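One file, work_16.cif, is given below (mmCIF, C-alpha atoms).
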data_upload
#
loop_
_atom_site.label_atom_id
_atom_site.label_comp_id
_atom_site.auth_asym_id
_atom_site.auth_seq_id
_atom_site.Cartn_x
_atom_site.Cartn_y
_atom_site.Cartn_z
CA MET A 289 -1.92 43.98 -138.15
CA ALA A 290 -0.75 42.71 -134.72
CA LYS A 291 -3.50 41.61 -132.38
CA ASP A 292 -4.24 43.57 -129.22
CA TYR A 293 -2.51 41.80 -126.33
CA TYR A 294 -5.48 42.27 -124.00
CA GLU A 295 -7.77 40.67 -126.58
CA VAL A 296 -5.34 37.79 -127.03
CA LEU A 297 -5.53 36.99 -123.30
CA GLY A 298 -9.22 37.85 -123.07
CA VAL A 299 -8.86 40.37 -120.23
CA ALA A 300 -9.80 44.01 -119.69
CA ARG A 301 -7.15 46.70 -120.01
CA GLY A 302 -7.20 47.29 -116.27
CA ALA A 303 -6.72 43.59 -115.42
CA SER A 304 -4.65 42.81 -112.33
CA GLU A 305 -1.43 40.80 -112.36
CA GLU A 306 -3.32 37.81 -110.96
CA ASP A 307 -5.99 38.06 -113.68
CA LEU A 308 -3.28 38.15 -116.34
CA LYS A 309 -1.61 35.07 -114.92
CA LYS A 310 -4.89 33.13 -114.75
CA ALA A 311 -5.79 34.07 -118.32
CA TYR A 312 -2.36 33.10 -119.65
CA ARG A 313 -2.35 29.81 -117.77
CA LYS A 314 -5.75 28.88 -119.20
CA LEU A 315 -4.73 29.65 -122.79
CA ALA A 316 -1.33 27.98 -122.50
CA MET A 317 -2.93 24.84 -121.13
CA GLN A 318 -5.50 24.83 -123.92
CA HIS A 319 -3.09 25.41 -126.82
CA HIS A 320 0.09 23.74 -125.56
CA PRO A 321 1.74 21.78 -128.42
CA ASP A 322 1.99 18.66 -126.26
CA ARG A 323 -1.79 18.62 -126.11
CA ASN A 324 -2.23 19.57 -129.76
CA PRO A 325 0.46 17.65 -131.71
CA GLY A 326 0.69 18.82 -135.31
CA ASP A 327 -1.93 21.57 -134.84
CA LYS A 328 -0.33 24.69 -136.37
CA GLU A 329 -3.24 26.92 -135.35
CA ALA A 330 -2.92 25.88 -131.69
CA GLU A 331 0.83 26.46 -131.88
CA ALA A 332 0.26 29.97 -133.26
CA ARG A 333 -2.21 30.82 -130.51
CA PHE A 334 0.21 29.44 -127.94
CA ARG A 335 2.91 31.78 -129.28
CA GLU A 336 0.49 34.74 -129.24
CA ALA A 337 -0.42 34.08 -125.61
CA ASN A 338 3.27 33.86 -124.66
CA GLU A 339 4.01 37.13 -126.43
CA ALA A 340 1.06 38.96 -124.87
CA TYR A 341 1.75 37.72 -121.34
CA GLU A 342 5.48 38.51 -121.51
CA VAL A 343 4.68 42.16 -122.27
CA LEU A 344 1.71 42.69 -119.95
CA LYS A 345 3.28 41.02 -116.92
CA ASP A 346 6.14 43.55 -117.00
CA PRO A 347 4.89 46.91 -115.56
CA LYS A 348 7.34 48.95 -117.67
CA LYS A 349 6.56 47.16 -120.93
CA ARG A 350 2.85 47.29 -120.16
CA ALA A 351 2.97 51.05 -119.55
CA VAL A 352 4.73 51.58 -122.91
CA TYR A 353 2.27 49.29 -124.68
CA ASP A 354 -0.76 51.01 -123.11
CA GLN A 355 0.48 54.39 -124.35
CA TYR A 356 2.03 53.58 -127.73
CA GLY A 357 0.75 50.13 -128.64
CA HIS A 358 2.96 47.72 -130.61
CA ALA A 359 4.94 50.60 -132.10
CA GLY A 360 6.35 51.49 -128.71
CA LEU A 361 7.78 47.99 -128.25
CA GLY A 362 9.71 47.78 -131.49
CA GLN A 363 9.08 46.18 -134.83
CA ASN A 364 8.04 42.82 -133.41
CA GLY A 365 6.20 44.11 -130.35
CA GLY A 366 8.33 42.71 -127.51
CA GLY A 367 11.21 41.62 -129.72
CA PHE A 368 9.55 38.30 -130.64
CA PRO A 369 7.99 35.94 -131.73
CA GLY A 370 11.07 35.59 -133.89
CA ASP A 371 13.39 35.30 -130.86
CA PHE A 372 12.52 33.97 -127.41
CA SER A 373 15.86 35.01 -125.96
CA ASN A 374 14.65 38.59 -125.42
CA MET A 375 11.81 37.66 -123.12
CA GLY A 376 12.34 39.56 -119.89
CA GLY A 377 15.74 38.26 -118.84
CA GLY A 378 15.11 34.54 -118.41
CA GLY A 379 13.22 33.88 -121.61
CA PHE A 380 10.05 31.97 -122.29
CA GLY A 381 11.38 28.96 -120.40
CA ASP A 382 11.31 30.91 -117.14
CA ILE A 383 7.75 32.09 -117.72
CA PHE A 384 6.47 28.66 -118.65
CA GLU A 385 8.30 26.81 -115.90
CA GLU A 386 7.06 29.36 -113.33
CA LEU A 387 3.44 28.62 -114.16
CA PHE A 388 3.53 25.00 -115.39
CA GLY A 389 6.58 23.35 -113.87
CA ASP A 390 4.36 21.20 -111.66
CA ILE A 391 2.38 19.95 -114.65
CA PHE A 392 4.97 19.49 -117.40
CA GLY A 393 7.94 18.56 -115.23
CA GLY A 394 9.70 21.90 -115.52
CA ALA A 395 12.88 22.78 -113.70
CA ARG A 396 11.07 24.73 -110.98
CA SER A 397 8.81 21.94 -109.87
CA GLY A 398 10.76 21.04 -106.72
CA ARG A 399 11.98 22.96 -103.70
CA GLY A 400 15.52 22.12 -104.59
CA GLY A 401 15.43 24.71 -107.40
CA ARG A 402 16.82 23.93 -110.83
CA GLY A 403 18.05 20.41 -111.31
CA GLY A 404 18.05 17.64 -108.75
CA GLY A 405 20.10 17.10 -105.63
CA PRO A 406 19.32 17.68 -101.96
CA ALA A 407 15.80 18.94 -101.26
CA ARG A 408 14.66 21.25 -98.47
CA GLY A 409 12.67 19.68 -95.65
CA GLU A 410 9.02 20.38 -94.90
CA ASP A 411 7.80 23.38 -92.94
CA LEU A 412 5.93 22.29 -89.83
CA ARG A 413 3.10 23.84 -87.81
CA TYR A 414 2.59 23.57 -84.06
CA ASP A 415 -0.50 25.00 -82.31
CA LEU A 416 0.37 26.34 -78.86
CA LYS A 417 -2.12 27.46 -76.20
CA VAL A 418 -1.01 30.13 -73.73
CA THR A 419 -2.67 31.85 -70.78
CA LEU A 420 -3.34 35.56 -70.44
CA GLU A 421 -0.78 35.66 -67.63
CA GLU A 422 1.82 34.26 -70.04
CA VAL A 423 0.84 36.89 -72.58
CA MET A 424 1.60 39.51 -69.94
CA THR A 425 5.07 38.31 -69.07
CA GLY A 426 6.12 36.19 -72.02
CA THR A 427 7.16 32.60 -71.46
CA GLU A 428 9.35 29.73 -72.57
CA ALA A 429 7.31 26.89 -74.04
CA ARG A 430 8.65 23.35 -74.02
CA ILE A 431 7.22 21.38 -76.90
CA ARG A 432 7.61 17.84 -78.18
CA LEU A 433 7.49 17.65 -81.93
CA PRO A 434 7.25 14.50 -84.08
CA THR A 435 9.31 15.25 -87.18
CA MET A 436 11.90 14.01 -89.65
CA THR A 437 15.48 14.44 -88.44
CA GLY A 438 18.78 13.95 -90.25
CA CYS A 439 20.13 10.41 -90.10
CA GLU A 440 23.16 10.32 -87.81
CA SER A 441 24.40 7.03 -89.22
CA CYS A 442 25.00 8.33 -92.76
CA GLY A 443 25.29 12.02 -91.97
CA GLY A 444 22.23 12.77 -94.10
CA THR A 445 23.71 11.47 -97.36
CA GLY A 446 21.48 8.39 -97.55
CA ALA A 447 24.48 6.23 -98.39
CA ARG A 448 25.81 3.42 -96.22
CA PRO A 449 28.69 4.58 -93.99
CA GLY A 450 31.95 4.31 -95.92
CA THR A 451 30.25 4.92 -99.29
CA ARG A 452 29.05 8.00 -101.15
CA PRO A 453 26.16 8.77 -103.53
CA GLU A 454 27.16 8.65 -107.20
CA THR A 455 26.35 11.19 -109.88
CA CYS A 456 23.50 9.95 -112.06
CA GLY A 457 24.87 8.73 -115.37
CA THR A 458 21.57 9.27 -117.19
CA CYS A 459 21.19 13.01 -116.55
CA GLY A 460 24.77 13.84 -115.59
CA GLY A 461 23.66 15.13 -112.20
CA ALA A 462 21.14 17.64 -113.59
CA GLY A 463 18.17 15.76 -112.19
CA GLN A 464 16.19 16.28 -115.39
CA LEU A 465 16.16 15.40 -119.05
CA ARG A 466 15.45 18.03 -121.69
CA GLN A 467 13.57 17.30 -124.87
CA GLN A 468 13.29 19.64 -127.86
CA GLN A 469 9.74 19.97 -129.17
CA GLY A 470 9.36 22.44 -131.99
CA PHE A 471 10.50 25.89 -130.91
CA PHE A 472 10.85 25.21 -127.19
CA THR A 473 12.40 22.73 -124.77
CA ILE A 474 10.53 20.72 -122.13
CA ALA A 475 12.39 19.47 -119.06
CA ARG A 476 11.25 16.31 -117.29
CA PRO A 477 12.51 14.69 -114.07
CA CYS A 478 15.14 12.07 -114.71
CA PRO A 479 13.55 8.63 -114.24
CA ALA A 480 16.85 7.01 -113.25
CA CYS A 481 17.47 9.20 -110.18
CA GLN A 482 13.92 10.49 -109.62
CA GLY A 483 15.10 14.06 -110.16
CA GLN A 484 17.79 13.89 -107.45
CA GLY A 485 20.79 14.10 -109.78
CA ARG A 486 22.55 11.32 -107.92
CA VAL A 487 22.08 7.65 -107.18
CA VAL A 488 22.63 5.83 -103.90
CA ARG A 489 24.01 2.40 -104.80
CA ASN A 490 24.38 1.26 -101.18
CA PRO A 491 21.53 2.73 -99.11
CA CYS A 492 21.97 3.39 -95.40
CA HIS A 493 20.25 0.70 -93.33
CA GLU A 494 19.01 3.26 -90.77
CA CYS A 495 17.19 5.63 -93.14
CA ARG A 496 16.90 3.40 -96.24
CA GLY A 497 18.67 5.91 -98.41
CA GLN A 498 16.50 8.91 -97.47
CA GLY A 499 19.10 10.70 -95.37
CA ARG A 500 16.51 11.27 -92.62
CA LYS A 501 14.21 9.31 -90.35
CA GLN A 502 11.18 9.75 -88.10
CA ALA A 503 11.98 10.99 -84.60
CA GLU A 504 10.68 13.18 -81.79
CA LYS A 505 12.29 16.55 -81.14
CA ASN A 506 12.17 18.44 -77.84
CA LEU A 507 12.38 22.21 -78.16
CA THR A 508 12.26 25.22 -75.86
CA VAL A 509 10.76 28.22 -77.64
CA LYS A 510 10.60 31.77 -76.33
CA ILE A 511 7.12 33.32 -76.57
CA PRO A 512 7.36 37.14 -76.39
CA PRO A 513 4.94 39.25 -74.31
CA GLY A 514 1.88 40.59 -76.11
CA VAL A 515 1.13 37.70 -78.46
CA GLU A 516 -2.49 37.10 -79.41
CA THR A 517 -4.53 34.37 -81.03
CA GLY A 518 -3.24 33.89 -84.57
CA THR A 519 0.27 35.22 -83.89
CA ARG A 520 2.77 33.18 -85.93
CA ILE A 521 6.28 32.60 -84.58
CA ARG A 522 8.87 31.25 -87.02
CA VAL A 523 11.67 29.05 -85.71
CA GLY A 524 14.15 28.69 -88.55
CA GLY A 525 15.64 25.28 -89.31
CA GLU A 526 13.47 23.38 -86.83
CA GLY A 527 11.13 21.86 -89.40
CA GLY A 528 11.58 18.54 -91.17
CA ALA A 529 15.10 17.48 -92.13
CA GLY A 530 16.01 17.84 -95.80
CA MET A 531 16.25 14.94 -98.20
CA VAL A 532 19.75 13.50 -98.78
CA GLY A 533 21.50 16.29 -96.91
CA GLY A 534 19.26 19.20 -97.96
CA PRO A 535 18.51 22.07 -95.54
CA ALA A 536 15.84 21.64 -92.89
CA GLY A 537 12.47 23.38 -93.16
CA ASP A 538 11.12 25.86 -90.63
CA LEU A 539 8.78 25.45 -87.68
CA TYR A 540 5.81 27.81 -87.38
CA ILE A 541 4.20 28.10 -83.95
CA ILE A 542 0.60 29.37 -84.08
CA ILE A 543 -0.60 30.96 -80.84
CA GLU A 544 -4.04 30.51 -79.27
CA VAL A 545 -4.77 32.48 -76.07
CA ASN A 546 -7.04 30.71 -73.59
CA PRO A 547 -10.14 32.55 -72.30
CA HIS A 548 -9.73 34.16 -68.87
CA PRO A 549 -12.30 34.02 -66.03
CA MET A 550 -11.81 37.68 -65.05
CA PHE A 551 -10.82 39.59 -68.18
CA GLU A 552 -12.00 39.95 -71.74
CA ARG A 553 -9.22 40.84 -74.14
CA GLN A 554 -9.67 43.69 -76.61
CA GLY A 555 -6.31 43.96 -78.37
CA PRO A 556 -3.82 45.28 -75.80
CA ASN A 557 -6.71 46.43 -73.56
CA LEU A 558 -8.54 44.37 -70.97
CA LEU A 559 -12.19 44.62 -69.90
CA CYS A 560 -13.24 43.61 -66.39
CA ILE A 561 -16.90 43.50 -65.33
CA ALA A 562 -17.11 44.54 -61.65
CA PRO A 563 -20.40 44.06 -59.75
CA ILE A 564 -21.03 46.59 -56.99
CA SER A 565 -23.76 46.76 -54.36
CA PHE A 566 -26.72 49.11 -54.38
CA THR A 567 -25.28 50.99 -51.40
CA GLN A 568 -21.82 51.28 -52.99
CA ALA A 569 -23.38 52.79 -56.08
CA ALA A 570 -25.46 55.23 -54.05
CA LEU A 571 -22.91 56.24 -51.44
CA GLY A 572 -19.61 55.75 -53.27
CA GLY A 573 -16.52 54.27 -51.64
CA LYS A 574 -13.52 52.12 -52.39
CA LEU A 575 -13.47 49.20 -54.85
CA ASP A 576 -10.61 46.70 -55.15
CA VAL A 577 -10.20 45.22 -58.63
CA PRO A 578 -7.77 42.59 -59.97
CA THR A 579 -5.19 43.38 -62.64
CA LEU A 580 -2.50 41.27 -64.28
CA HIS A 581 -0.01 43.70 -62.71
CA GLY A 582 -1.41 43.22 -59.18
CA ARG A 583 -4.41 44.53 -57.23
CA ALA A 584 -5.65 48.10 -57.78
CA ARG A 585 -8.05 50.26 -55.72
CA LEU A 586 -10.64 52.53 -57.31
CA ASN A 587 -12.50 55.47 -55.77
CA LEU A 588 -16.21 55.27 -56.56
CA GLN A 589 -18.09 58.53 -56.62
CA ALA A 590 -21.58 58.58 -55.12
CA GLY A 591 -24.27 57.90 -57.67
CA VAL A 592 -22.34 55.74 -60.18
CA GLN A 593 -24.53 53.82 -62.59
CA THR A 594 -24.54 50.41 -64.27
CA GLY A 595 -22.42 50.49 -67.43
CA GLN A 596 -20.18 53.30 -66.25
CA ARG A 597 -16.55 52.61 -67.14
CA LEU A 598 -13.42 53.50 -65.22
CA VAL A 599 -10.05 53.30 -67.01
CA LEU A 600 -6.75 52.29 -65.42
CA ARG A 601 -4.09 53.53 -67.80
CA GLY A 602 -1.21 51.16 -68.55
CA LYS A 603 -2.75 48.26 -66.64
CA GLY A 604 -3.58 46.22 -69.72
CA LEU A 605 -1.42 43.91 -71.83
CA PRO A 606 1.94 44.73 -73.39
CA PHE A 607 2.14 45.63 -77.06
CA LEU A 608 3.87 42.93 -79.11
CA ASN A 609 7.48 43.86 -79.94
CA ARG A 610 7.09 47.32 -78.32
CA PRO A 611 8.84 47.05 -74.95
CA GLY A 612 7.50 49.24 -72.16
CA MET A 613 4.16 49.98 -73.88
CA PHE A 614 0.94 48.67 -72.32
CA GLY A 615 -2.76 48.90 -73.02
CA ASP A 616 -5.40 49.91 -70.47
CA LEU A 617 -7.65 48.06 -68.04
CA VAL A 618 -11.28 49.10 -68.41
CA VAL A 619 -13.51 48.38 -65.41
CA GLU A 620 -17.22 48.33 -66.25
CA LEU A 621 -19.53 48.71 -63.24
CA ARG A 622 -22.65 46.59 -62.80
CA VAL A 623 -25.00 47.61 -59.96
CA GLU A 624 -26.39 44.47 -58.37
CA THR A 625 -30.02 44.58 -57.19
CA PRO A 626 -30.35 43.17 -53.64
CA VAL A 627 -32.04 39.76 -53.36
CA ASN A 628 -33.04 37.47 -50.47
CA LEU A 629 -33.78 40.41 -48.16
CA ASN A 630 -34.43 39.78 -44.48
CA LYS A 631 -37.20 41.56 -42.59
CA ARG A 632 -35.06 44.45 -41.35
CA GLN A 633 -33.51 45.08 -44.79
CA ARG A 634 -36.94 45.15 -46.37
CA GLU A 635 -38.21 47.61 -43.76
CA LEU A 636 -35.27 49.92 -44.40
CA LEU A 637 -35.78 49.84 -48.16
CA GLU A 638 -39.51 50.47 -47.79
CA GLU A 639 -38.74 53.45 -45.58
CA PHE A 640 -36.28 54.72 -48.18
CA ALA A 641 -38.88 54.27 -50.92
CA ARG A 642 -41.36 56.44 -49.01
CA CYS A 643 -38.93 59.33 -48.76
CA GLU A 644 -37.24 59.16 -52.18
CA ASN A 645 -37.98 61.94 -54.66
CA GLN A 646 -37.11 63.13 -58.17
CA GLU A 647 -33.80 64.59 -57.06
CA CYS A 648 -32.36 61.19 -56.11
CA GLN A 649 -33.97 59.37 -59.08
CA PRO A 650 -33.67 61.93 -61.94
CA GLU A 651 -33.66 59.44 -64.80
CA SER A 652 -36.66 57.52 -63.46
CA ALA A 653 -38.57 60.77 -62.94
CA SER A 654 -37.73 61.92 -66.47
CA PHE A 655 -38.86 58.59 -67.90
CA LEU A 656 -42.17 58.72 -66.03
CA ASP A 657 -42.79 62.26 -67.30
CA LYS A 658 -42.21 61.10 -70.88
CA VAL A 659 -44.55 58.14 -70.42
CA LYS A 660 -47.29 60.44 -69.05
CA GLU A 661 -46.84 62.87 -71.95
CA PHE A 662 -46.98 60.04 -74.49
CA LEU A 663 -50.16 58.53 -73.00
CA ASP A 664 -51.83 61.94 -72.84
CA LYS A 665 -51.25 62.39 -76.58
CA MET A 666 -52.62 58.92 -77.31
CA SER A 667 -55.84 59.68 -75.46
CA VAL A 668 -56.55 62.89 -77.40
#

Can I see the file as C-alpha cells?
Amino acid sequence: MAKDYYEVLGVARGASEEDLKKAYRKLAMQHHPDRNPGDKEAEARFREANEAYEVLKDPKKRAVYDQYGHAGLGQNGGGFPGDFSNMGGGGFGDIFEELFGDIFGGARSGRGGRGGGPARGEDLRYDLKVTLEEVMTGTEARIRLPTMTGCESCGGTGARPGTRPETCGTCGGAGQLRQQQGFFTIARPCPACQGQGRVVRNPCHECRGQGRKQAEKNLTVKIPPGVETGTRIRVGGEGGAGMVGGPAGDLYIIIEVNPHPMFERQGPNLLCIAPISFTQAALGGKLDVPTLHGRARLNLQAGVQTGQRLVLRGKGLPFLNRPGMFGDLVVELRVETPVNLNKRQRELLEEFARCENQECQPESASFLDKVKEFLDKMSV
C-alpha cells in the first residue's frame, strides 16, 4: 500500500507551500545518495520524498490527491517513481536544482541561468535623505555611486583588444559537467572555465579578464512627490556591470525623510502644534500658520481650548503616484499660560479672577462640584 504523502514529508494536511518546501529540503538533504553511497534504504526514502513533494507542491495535483488519494493520480500516484519524465513539466531535475542548486552545483546556481556565460551584475542600494519640502514638490537627486562599470578597453568581453574569448573545450560551452549517479544526473560547474562556458586566453590588461572594473558613477535620479521613509525607487540597469558582457544589475534607492521643525508627518497628512496666548483663546481672533503650500490664516472662535484641532483640507502632502491629490494639515492648538508677568498684568489678572464665575469656567466649576461630591461621600 502506497504511503501517505503528508506522512512521507512529515507535515500536516493543511501545510503551507513553504512548509512543504522546508520538509522536502530537509529529507532530501538527509537521504541524498551522494551522502549515503550504497544505502538502498536512503535511496528509497529519497525517491519517496521526491514523489510526495512533486504532487503536493502542485495545487491541482494536491487537490486531486486530497479528495481521491493515490487512486486519483493514476496507478503509480503521480506517474512515477518508474518515470521521472512526468514530473510537472521539467522533471525531477528542475525540482532538485530549484532547491539544491547552490549546494550540489546544479544548473540554477548562478544568475546567468542554465549553463555558463555572461553573468548579471549586482543589484545596488543607495540610501537617500530628502526634506519634507522635497517630498512636497518632488526633486532631482544627484548621487555619486561607487560601482563596477563595463570595461571600455575590451568592450566587456574580458579579452585583450583584438582577441576574443574561446569556447571552453572541457564543457563545450555549457559551463557545467553532468555526472550520472544511479537514477539521476548531477550537474557541477566546469572547473576549466569556472562555470563561464568560455575561456579568456589573453585577458584584458585594464580589467584583468573580468570585463568590468571599479569606477564611480554620477547619476541624476527623479524623486517623485509624496515619497516617505522606506519608499524604494528602482533604477533599471544602473547597478553593477555584468561579468564578461552580462547585463548590468539594478540600482535601488531607499528614501529616508528628514524630521521637520514645524510639522509632524502622518502619512499624507501633516500635524502642526500652534501655541496661542491666553487672550487669543478667550477672545478669539486671527492666527497665521505655516504650510508647505504657503502661509494660511485661521479664524479662532472665542473660547477655544488646548488640544482643539483645526483642519485645513488639501494643505498636506501629495499622495505618491496620485497627481492632484493631497492630504490635510491639522493644526492643534496649545494655550500658553502667561509667565513673567509685570505688576500691571498681574493686577489685571487678579481683577479678572475676582469677577470670574462658573459661566466663563464651566469645566473647572464642574470639576470642583465633582470633587466636593466625592469628598462628601468619603466623609460619610

Rounded to one decimal, what separation in Å do you get between atom CA of Val627 of chain A and atom CA of Thr567 of chain A?
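That distance, rounded to one decimal, is 13.3 Å.
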
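With only C-alpha atoms taken into account, the protein and nucleic acid residues at most 12 Å from Glu295 of chain A (excluding it and anything under 5 positions from it in its own chain) are Ala290, Ala300, Arg301, Ala303, Leu308, Ala311, Tyr312, Arg333, Glu336, Ala337, Ala340, Tyr341 and Leu344 of chain A.
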
Which polymer residues have any atom within 10 Å of an atom of Glu454 of chain A, counting all atoms listed in the file, with same-chain residues fewer than 6 positions away left out, as a PyMOL selection string?
chain A and resi 447+461+485-490

For the file shown, what are the residues hit by the PyMOL selection byres ((chain A and resi 432-438) around 8), laid out as a short mmCIF file (atom, residue, chain, number, x, y, z; two decimals) with C-alpha atoms, in the coordinates of the input?
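Heads up, here's the output in expr37.cif:
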data_model
loop_
_atom_site.label_atom_id
_atom_site.label_comp_id
_atom_site.auth_asym_id
_atom_site.auth_seq_id
_atom_site.Cartn_x
_atom_site.Cartn_y
_atom_site.Cartn_z
CA TYR A 414 2.59 23.57 -84.06
CA ARG A 430 8.65 23.35 -74.02
CA ILE A 431 7.22 21.38 -76.90
CA CYS A 439 20.13 10.41 -90.10
CA GLU A 440 23.16 10.32 -87.81
CA GLY A 443 25.29 12.02 -91.97
CA GLY A 444 22.23 12.77 -94.10
CA GLY A 499 19.10 10.70 -95.37
CA ARG A 500 16.51 11.27 -92.62
CA LYS A 501 14.21 9.31 -90.35
CA GLN A 502 11.18 9.75 -88.10
CA ALA A 503 11.98 10.99 -84.60
CA GLU A 504 10.68 13.18 -81.79
CA LYS A 505 12.29 16.55 -81.14
CA ASN A 506 12.17 18.44 -77.84
CA LEU A 507 12.38 22.21 -78.16
CA GLY A 527 11.13 21.86 -89.40
CA GLY A 528 11.58 18.54 -91.17
CA ALA A 529 15.10 17.48 -92.13
CA GLY A 530 16.01 17.84 -95.80
CA GLY A 533 21.50 16.29 -96.91
#

Using all atoms listed in the file for the distances, tell me which of A:Pro479, A:Gly497, A:Pro556, A:Gly426 is nearest to Lys510 of chain A.
A:Gly426

The PyMOL selection byres ((chain A and resi 591) around 8) on the file shown: which residues, as a count of residues only?
8

Find the residues around segment 574-588 of chain A up to 12 Å (all atoms listed in the file counted), leave out those fewer than 2 positions away in its own chain, and share them as a count of residues only.
51
